[in-house]
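Printed here is structure_2.txt (compact mmCIF, C-alpha atoms and all ligand atoms):
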```txt
# COMPACT_ATOMS: atom_id res chain seq x y z
CA MET A 1 111.75 81.09 73.15
CA THR A 2 112.93 82.46 76.49
CA PRO A 3 116.06 80.81 77.86
CA PRO A 4 115.43 78.82 81.06
CA GLU A 5 117.60 81.13 83.18
CA GLN A 6 115.59 84.12 82.08
CA GLN A 7 112.28 82.32 82.69
CA GLY A 8 113.42 81.63 86.28
CA LEU A 9 114.37 85.25 86.80
CA THR A 10 111.06 86.44 85.43
CA ALA A 11 109.11 84.01 87.60
CA SER A 12 110.88 84.93 90.83
CA THR A 13 110.68 88.66 90.24
CA THR A 14 106.97 88.30 89.52
CA LEU A 15 106.29 86.06 92.51
CA TRP A 16 108.26 88.15 95.00
CA GLN A 17 108.50 91.83 95.76
CA ASP A 18 111.04 92.80 98.44
CA GLY A 19 110.50 89.51 100.25
CA TRP A 20 106.69 89.62 100.02
CA TYR A 21 104.98 86.78 98.18
CA ARG A 22 102.53 87.89 95.56
CA TYR A 23 99.89 85.26 96.34
CA ALA A 24 99.75 85.87 100.07
CA ARG A 25 97.48 88.35 101.79
CA ALA A 26 99.86 90.78 103.48
CA LEU A 27 99.27 91.87 107.06
CA ALA A 28 102.41 93.53 108.42
CA SER A 29 103.58 92.50 111.89
CA PRO A 30 105.73 94.80 114.01
CA ASN A 31 107.44 91.69 115.44
CA PHE A 32 110.55 91.32 113.32
CA GLY A 33 114.09 92.59 112.98
CA PRO A 34 116.99 92.54 110.57
CA ARG A 35 118.70 89.28 109.74
CA PRO A 36 122.40 89.18 110.66
CA ALA A 37 124.62 90.40 107.82
CA GLY A 38 125.46 87.67 105.36
CA SER A 39 122.64 85.33 106.45
CA GLN A 40 122.15 82.43 104.10
CA ILE A 41 118.42 81.67 104.17
CA ASP A 42 118.59 77.90 103.73
CA LEU A 43 115.92 76.58 106.12
CA ILE A 44 112.11 76.46 106.14
CA VAL A 45 110.57 75.81 109.57
CA ILE A 46 107.03 74.41 109.64
CA HIS A 47 104.83 75.02 112.68
CA SER A 48 101.25 74.52 113.78
CA ILE A 49 99.17 77.01 115.73
CA SER A 50 95.59 77.66 116.76
CA LEU A 51 94.20 80.06 119.36
CA PRO A 52 92.85 78.81 121.60
CA PRO A 53 94.24 75.38 120.70
CA GLY A 54 91.83 73.45 118.50
CA GLU A 55 89.70 76.46 117.56
CA PHE A 56 90.08 77.62 113.99
CA ASP A 57 89.22 80.47 111.67
CA ASN A 58 88.59 83.12 114.33
CA GLY A 59 91.29 85.64 113.38
CA ASN A 60 93.18 85.16 116.65
CA VAL A 61 96.45 84.07 115.04
CA GLN A 62 96.42 87.17 112.87
CA ARG A 63 95.74 89.22 116.01
CA LEU A 64 98.57 87.55 117.93
CA PHE A 65 101.09 88.22 115.19
CA THR A 66 100.10 91.89 115.02
CA ASN A 67 99.95 92.40 118.82
CA GLN A 68 96.18 92.89 118.66
CA LEU A 69 95.04 89.84 120.62
CA ASP A 70 92.75 90.61 123.55
CA TRP A 71 94.39 88.70 126.41
CA GLU A 72 91.09 88.76 128.32
CA ALA A 73 89.11 87.11 125.53
CA HIS A 74 89.89 83.54 126.59
CA PRO A 75 91.43 81.91 129.70
CA TYR A 76 94.12 80.27 127.54
CA PHE A 77 95.41 83.68 126.48
CA GLN A 78 96.39 84.47 130.08
CA GLY A 79 99.23 82.00 129.71
CA ILE A 80 100.65 83.76 126.67
CA ARG A 81 99.90 87.32 127.75
CA GLY A 82 102.36 89.82 126.29
CA LEU A 83 103.89 87.30 123.90
CA GLN A 84 105.40 89.06 120.89
CA VAL A 85 105.89 86.63 118.05
CA SER A 86 105.45 86.41 114.32
CA SER A 87 105.88 84.08 111.43
CA HIS A 88 106.55 84.88 107.83
CA PHE A 89 103.49 82.89 106.73
CA PHE A 90 100.25 81.45 108.07
CA ILE A 91 98.05 78.94 106.20
CA THR A 92 94.45 78.63 107.37
CA ARG A 93 92.46 75.38 107.43
CA SER A 94 90.90 76.30 104.08
CA GLY A 95 94.32 76.96 102.55
CA LYS A 96 94.28 80.75 102.61
CA LEU A 97 97.73 82.23 102.83
CA TRP A 98 98.76 85.21 104.96
CA GLN A 99 102.16 86.88 105.22
CA PHE A 100 103.25 88.99 108.19
CA VAL A 101 106.97 89.58 107.71
CA ALA A 102 109.03 89.97 104.53
CA CYS A 103 111.28 86.96 103.97
CA SER A 104 114.23 89.33 103.81
CA GLU A 105 113.59 90.15 107.50
CA ARG A 106 113.96 88.03 110.63
CA ALA A 107 110.60 86.85 112.01
CA TRP A 108 110.19 85.58 115.57
CA HIS A 109 108.89 82.02 115.27
CA ALA A 110 111.54 79.47 116.24
CA GLY A 111 112.79 80.81 119.60
CA THR A 112 115.73 79.00 121.15
CA SER A 113 116.68 76.58 118.42
CA SER A 114 119.45 74.72 116.70
CA TYR A 115 119.59 72.81 113.43
CA ARG A 116 122.14 71.70 110.83
CA GLY A 117 124.89 72.71 113.26
CA ARG A 118 123.67 76.29 113.64
CA SER A 119 121.73 77.91 116.48
CA ASN A 120 119.23 80.79 116.46
CA CYS A 121 117.27 79.44 113.52
CA ASN A 122 115.27 82.67 113.24
CA ASP A 123 118.40 84.28 111.82
CA ASP A 124 118.35 82.35 108.58
CA SER A 125 115.03 80.55 108.24
CA ILE A 126 111.56 81.23 106.88
CA GLY A 127 108.72 80.29 109.24
CA ILE A 128 105.41 78.86 108.04
CA GLU A 129 102.55 78.32 110.50
CA LEU A 130 99.77 75.89 109.63
CA GLU A 131 96.48 76.46 111.37
CA GLY A 132 96.00 73.32 113.38
CA LEU A 133 96.33 71.44 116.60
CA GLU A 134 99.75 70.11 117.50
CA GLY A 135 99.68 66.40 116.76
CA GLY A 136 96.45 66.69 114.75
CA ILE A 137 96.01 66.25 111.04
CA PHE A 138 96.03 69.00 108.43
CA GLU A 139 93.71 69.68 105.52
CA ALA A 140 94.38 68.85 101.86
CA ALA A 141 93.93 72.56 101.04
CA GLN A 142 96.72 73.40 103.48
CA TYR A 143 99.14 70.98 101.82
CA GLU A 144 98.26 72.46 98.43
CA THR A 145 99.01 75.99 99.59
CA LEU A 146 102.10 74.85 101.50
CA THR A 147 103.50 73.06 98.46
CA GLY A 148 102.99 76.06 96.19
CA LEU A 149 104.53 78.38 98.77
CA CYS A 150 107.54 76.13 99.40
CA ALA A 151 108.11 75.81 95.65
CA ALA A 152 108.10 79.61 95.33
CA ILE A 153 110.49 79.95 98.28
CA LEU A 154 112.79 77.32 96.80
CA GLN A 155 112.89 79.34 93.61
CA ALA A 156 113.88 82.55 95.39
CA TYR A 157 116.12 81.41 98.28
CA PRO A 158 118.94 78.86 98.62
CA ILE A 159 116.86 76.47 100.73
CA ALA A 160 118.61 73.22 101.64
CA TYR A 161 116.53 72.14 104.66
CA ILE A 162 112.83 71.86 105.51
CA ALA A 163 112.05 70.89 109.10
CA GLY A 164 109.43 71.18 111.82
CA HIS A 165 109.64 73.34 114.91
CA GLU A 166 109.88 70.02 116.79
CA HIS A 167 113.14 69.31 114.93
CA VAL A 168 114.81 72.70 115.42
CA ALA A 169 113.70 73.00 119.07
CA ALA A 170 113.81 69.32 120.01
CA GLY A 171 112.52 68.60 123.50
CA ARG A 172 111.00 72.07 123.83
CA LYS A 173 108.49 72.12 120.97
CA GLN A 174 106.30 69.41 119.46
CA ASP A 175 104.69 71.17 116.51
CA PRO A 176 103.53 70.39 113.93
CA GLY A 177 103.71 66.86 115.38
CA PRO A 178 102.93 63.36 114.14
CA GLY A 179 99.79 64.43 112.24
CA PHE A 180 101.87 66.29 109.68
CA ASP A 181 102.44 64.28 106.51
CA TRP A 182 106.15 64.77 105.74
CA PRO A 183 106.22 62.18 102.92
CA LEU A 184 103.36 64.04 101.20
CA LEU A 185 105.26 67.34 101.30
CA ARG A 186 108.49 65.66 100.23
CA ASP A 187 106.83 63.93 97.28
CA SER A 188 104.87 67.03 96.26
CA LEU A 189 108.01 69.15 96.16
CA ALA A 190 110.19 66.43 94.65
CA CYS A 191 113.02 67.63 96.88
CA PRO A 192 115.95 65.36 97.73
CA THR A 193 115.41 63.29 100.90
CA GLN A 194 118.33 65.02 102.60
CA TYR A 195 116.32 68.28 102.70
CA PHE A 196 114.11 66.69 105.35
CA PRO A 197 114.56 65.49 108.93
CA ALA A 198 115.87 61.95 109.10
CA VAL A 199 112.74 60.75 110.90
CA THR A 200 110.48 61.49 107.94
ZN ZN A 301 106.11 76.34 116.41
```
Take the structure I supplied and represent it as structure tokens, if you would.
Ligand SMILES: [Zn+2]
Amino acid sequence: MTPPEQQGLTASTTLWQDGWYRYARALASPNFGPRPAGSQIDLIVIHSISLPPGEFDNGNVQRLFTNQLDWEAHPYFQGIRGLQVSSHFFITRSGKLWQFVACSERAWHAGTSSYRGRSNCNDDSIGIELEGLEGGIFEAAQYETLTGLCAAILQAYPIAYIAGHEHVAAGRKQDPGPGFDWPLLRDSLACPTQYFPAVT
């Protein structure tokens, strides 16, 4: 029988390859940079996004994260013209998982932010975008994918905090908002309560 330590090693080396998650569809974004030397990746930031807001499954989020979005395609896009952002992961309404940036690299999802006494959360966090409308509810399939992904991240990185963009950029951002079921994620992951924002 394989010792537990060795099982863990085998699982994480199988699940991850240079920061890329095996069960995600990879679509490389140019919007990333190196993490500062010695970064301790201990935070997962959960977001919501849809382009335009409330419209799903049209490929626009994938286009935005790869700088391929046609700014003329919708009036809403005028307001975000030229925006260069990315997230490590994106989970569609049907639970499909995409990855744009290796977790070993710094993705551009949190912006000006501060959490657990540290600023610039992009430096040492992993960003996960859920396809959805800020404040709206999310699909069961999305929670399933999110739980599996978080479990795999917890296995590979020293995560100690899971929070929303609204918690790391309080007053500036509201996603994913009140429609996100924090107790469901907490119970699914069986993580200690102190991993999560106090309000959950
Ligand atoms: Zn966000």
Identify, on the basis of only C-alpha atoms, every residue whose closest approach to Leu83 of chain A does not exceed 10 Å; exclude the query and any residue fewer than 4 positions from it along the same chain; express the result as a count of residues only. 7
Considering only C-alpha atoms, state which residue in the set A:Pro158, A:Ala169, A:Ser48, A:Ala141 is at the smallest distance from Gly111 of chain A.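 Of all the options, A:Ala169 lies closest to Gly111 of chain A.
Closest approach to Gly38 of chain A from the set A:Thr66, A:Ser104, A:Gln194, A:Gln17 is made by A:Ser104, with distances taken over only C-alpha atoms.
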Expected answer as a list of chain:residue names: residues within 8 Å of ligand ZN 301 (chain A), only C-alpha atoms and all ligand atoms: A:Ile46, A:His47, A:Ser48, A:Ile49, A:His109, A:Ala110, A:Glu129, A:Gly164, A:His165, A:Glu166, A:Lys173, A:Gln174, A:Asp175, A:Pro176
With 6 Å on each side, where is the centre of the axis-aligned box around all listed atoms of segment 75-80 of chain A, and how long are its edges in Å to one decimal, as JSON?
```
{"center_x": 96.0, "center_y": 82.4, "center_z": 128.3, "size_x": 21.2, "size_y": 16.2, "size_z": 15.6}
```
For Arg172 of chain A, which residue out of A:Trp108, A:Ser114, A:Ile128, A:Pro30 is the nearest one, using only C-alpha atoms?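 Going through A:Trp108, A:Ser114, A:Ile128, A:Pro30 one by one, the smallest distance to Arg172 of chain A is for A:Ser114.
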